[in-house]
Amino acid sequence: MTYLPLPIESYGLIGDCTSCALVGSNGSIDWLCWPRFDSPACFAALLGDDRNGRWQIAPERVVHAEAIDRRSGDGPAPVTTTRSYRRDGMVLETVFTTPDGEVALIDFMVIDAPAPTIVRIVEGRSGRVRMSMDFILRMDYGLSVPWLTHLEQGEGISAIVGPSRCVLRSRMPLHSRDLRTTANFTVAKGERQTFSLSYSESHLPVPAAIDPMAALRDTEGFWDGWIAQSTFDGPYDAPVRRSLVTLKALTYKPTGGIVAAPTTSLPECLGGSRNWDYRYCWLRDATLTLMAFMAGGYFEEARDWRDWLHRAVAGSPEQVQIMYGLGGERQLLEWEVPWLAGYENSTPVRVGNGAAGQLQLDVYGEIVLALHRARHDHLRPVTAGWTLQVSLLEHLETIWREPDEGIWEVRGGRRHFVLSKISCWAAFDRAVADARQYGLEGPVERWEALRDEIHETVCREGFCPERNSFVQYFGGRSLDASLLLIPQIGFLPPDDPRVIGTVEAIEHDLIRDGLVLRYRTEEVDDGLDQQDEGAFLACSFWLVNTYVLMGRRDDAQALFDRLLALRNDLGLLAEEYDTVLRRQIGNFPQAFSHLALVASAAYLEHGTFRTAGDGGA
């Protein structure tokens, strides 16, 4: 039987702050891009099958069970699996309990290694367990077969495809045939076998061998030290810490950029075409990222992100994009990968993201809100970024009346999206506040007039009296979950009748099985197929926050607890949740979902989104 990927929630994440890998509960690494998050994948079985590359280490009983189609209903293998992150860090331990004994698989990516390296350690805990290793490397998103040679010093192989080299090391005999490398061995109680895989450019010398156990100690020490810095205090410490560690793992250390997710094309609807590449940095996440890190006391990460933001948007205000590459790259050309079948036949598989060229007015608000928060929390001198901000606002003055593609990056044509206009209002509102508070120079009176004009326009054109609710776009009747942000941004107070009416309308029309949809795909022409998508998890967290602001504490608590229950056994969340299939869907793990979790925990704890040492946001 051809190996097929697991349910999305069956994967765990390991990372080294330059890239990440997804490890299945079956011991298979099914996704890895090297050397960066946005590099071509060398294990891509997640979006195809084993012919597209994977690396499995597991008891033979698990491997034999995979020869039975797990969709056929045949009995499961007599193996139980439990997983956890060691010491709350980013070292993943999978324990297999078999009739023959118990064995642990310890997976991690080495922090600050001379060459990017994954280490896999097999430890016998009891009895004697027969193990199997199956290594299938395919560069270029599962297409290119490498040329394998044995290392001169033995104990491993070198695999080269064009500019890339991967080196697999182990003291176990490795056998290569049928375009794969395998090993079979037995681990008894107290015994240990180690494997390491390193990446380098093919023209460089073979990466030097590392000491796997020393690397484990160093990596655990790094994550121990990072977690110890957390200042978040409250009943949700554990899920907040897991979210913050996940966000740290999604950070590209050389630049401070944070990817929206380490994957591409995990579908928002199984079998559908709503499949996007999220291995880039969205400006929409800017303010929430700053706030989340600062809520946990991680000001260095917040400063790095703020500096990345400033560098990325530097240049002509007319050329500001909604997303950038890890280093601020602007050319994110979208193309389709025809040789990958897609996760559960969800096609196309996309690389790059064409939405980078869209006009989304809300990003101007996000930039200004982020710089406003950076000044409030003294991340940089108050004047830092002000000249750039004034230039951006000058451009926004000329375009805020235009239609755009909106927060959800629709491909069905531009409209006057309500949240986009509200974000423009927020840009001028915070600029006025900063200019007055810090004595910064700018056309404050003109900004005030524009702010008031936008507010009046939104309240007149974006509110539907028949529905007693704000709507997705001017003149429309469709609802949009992003309207839940109205009181959180401060556009209107939570007790305003129009806000109350909007929340009631969203509760009536956009909640499915207790979770919030972005909008109804059958009502909105977003330029895509009309297939239904899952509940967007960040929107459900927004409803938690709005409930808190409205004084509906019990409702907020109940919804937050429901959302926490949707995390997988390792505390990870995808972008969406299919309430019918009871499965996580969309790219995984999703930074936006974890950012929203941190924000909601802060709202429940403090009644607002506070940062460390802050009196309120």
# chains A, B, ... in the order shown; residues from 1 in each chain; ligands from 1
$ select_by_dssp --residues "stretch 272-429 of chain A" --states "alpha helix (DSSP H)" --output "JSON, numbers by chain"
{"A": [286, 287, 288, 289, 290, 291, 292, 293, 294, 295, 299, 300, 301, 302, 303, 304, 305, 306, 307, 308, 309, 310, 311, 312, 313, 362, 363, 364, 365, 366, 367, 368, 369, 370, 371, 372, 373, 374, 375, 376, 386, 387, 388, 389, 390, 391, 392, 393, 394, 395, 396, 397, 398, 399, 418, 419, 420, 421, 422, 423, 424, 425, 426, 427, 428, 429]}
$ atom_distance --atom1 "atom CA of A:Gln56" --atom2 "atom CA of A:Phe195"
11.4 Å
$ closest_residue --among "A:Ala215, A:Ala535, A:Glu318, A:Gly142" --to "A:Ala113" --atoms "only C-alpha atoms"
A:Ala215
$ residues_around --residues "A:Phe232" --least-positions-apart "5" --cutoff "8 Å" --atoms "only C-alpha atoms" --output "PDB file with C-alpha atoms, in the first residue's frame"
ATOM      1  CA  ASP A 237      -0.190  29.639  31.646  1.00  0.00           C
ATOM      2  CA  VAL A 240      -0.153  30.389  26.470  1.00  0.00           C
ATOM      3  CA  ALA A 295       2.262  39.806  27.032  1.00  0.00           C
ATOM      4  CA  GLY A 296       4.669  36.960  27.747  1.00  0.00           C
ATOM      5  CA  GLY A 297       7.564  39.268  28.571  1.00  0.00           C
ATOM      6  CA  ALA A 612       3.992  42.853  30.622  1.00  0.00           C
TER       7      ALA A 612
END
$ residues_around --residues "A:Leu440" --least-positions-apart "6" --cutoff "12 Å" --atoms "only C-alpha atoms" --output "count of residues only"
14
$ closest_residue --among "A:Val119, A:Leu47, A:Leu288, A:Ile106" --to "A:Ser25" --atoms "only C-alpha atoms"
A:Ile106
$ residues_around --residues "stretch 501-505 of chain A" --least-positions-apart "4" --cutoff "7 Å" --atoms "only C-alpha atoms" --output "list in words"
Asn468, Ser469, Phe470, Leu484, Pro497 and Asp509 of chain A
$ select_by_dssp --residues "stretch 260-445 of chain A" --states "strand (DSSP E)" --output "list in words"
Cys281, Trp282, Met323, Tyr324, Trp335, Glu336, Arg350 and Val351 of chain A
$ residues_around --residues "A:Asp211" --least-positions-apart "4" --cutoff "12 Å" --atoms "only C-alpha atoms" --output "number ranges by chain"
A: 110, 113, 117-121, 169-170, 194-196, 215-218
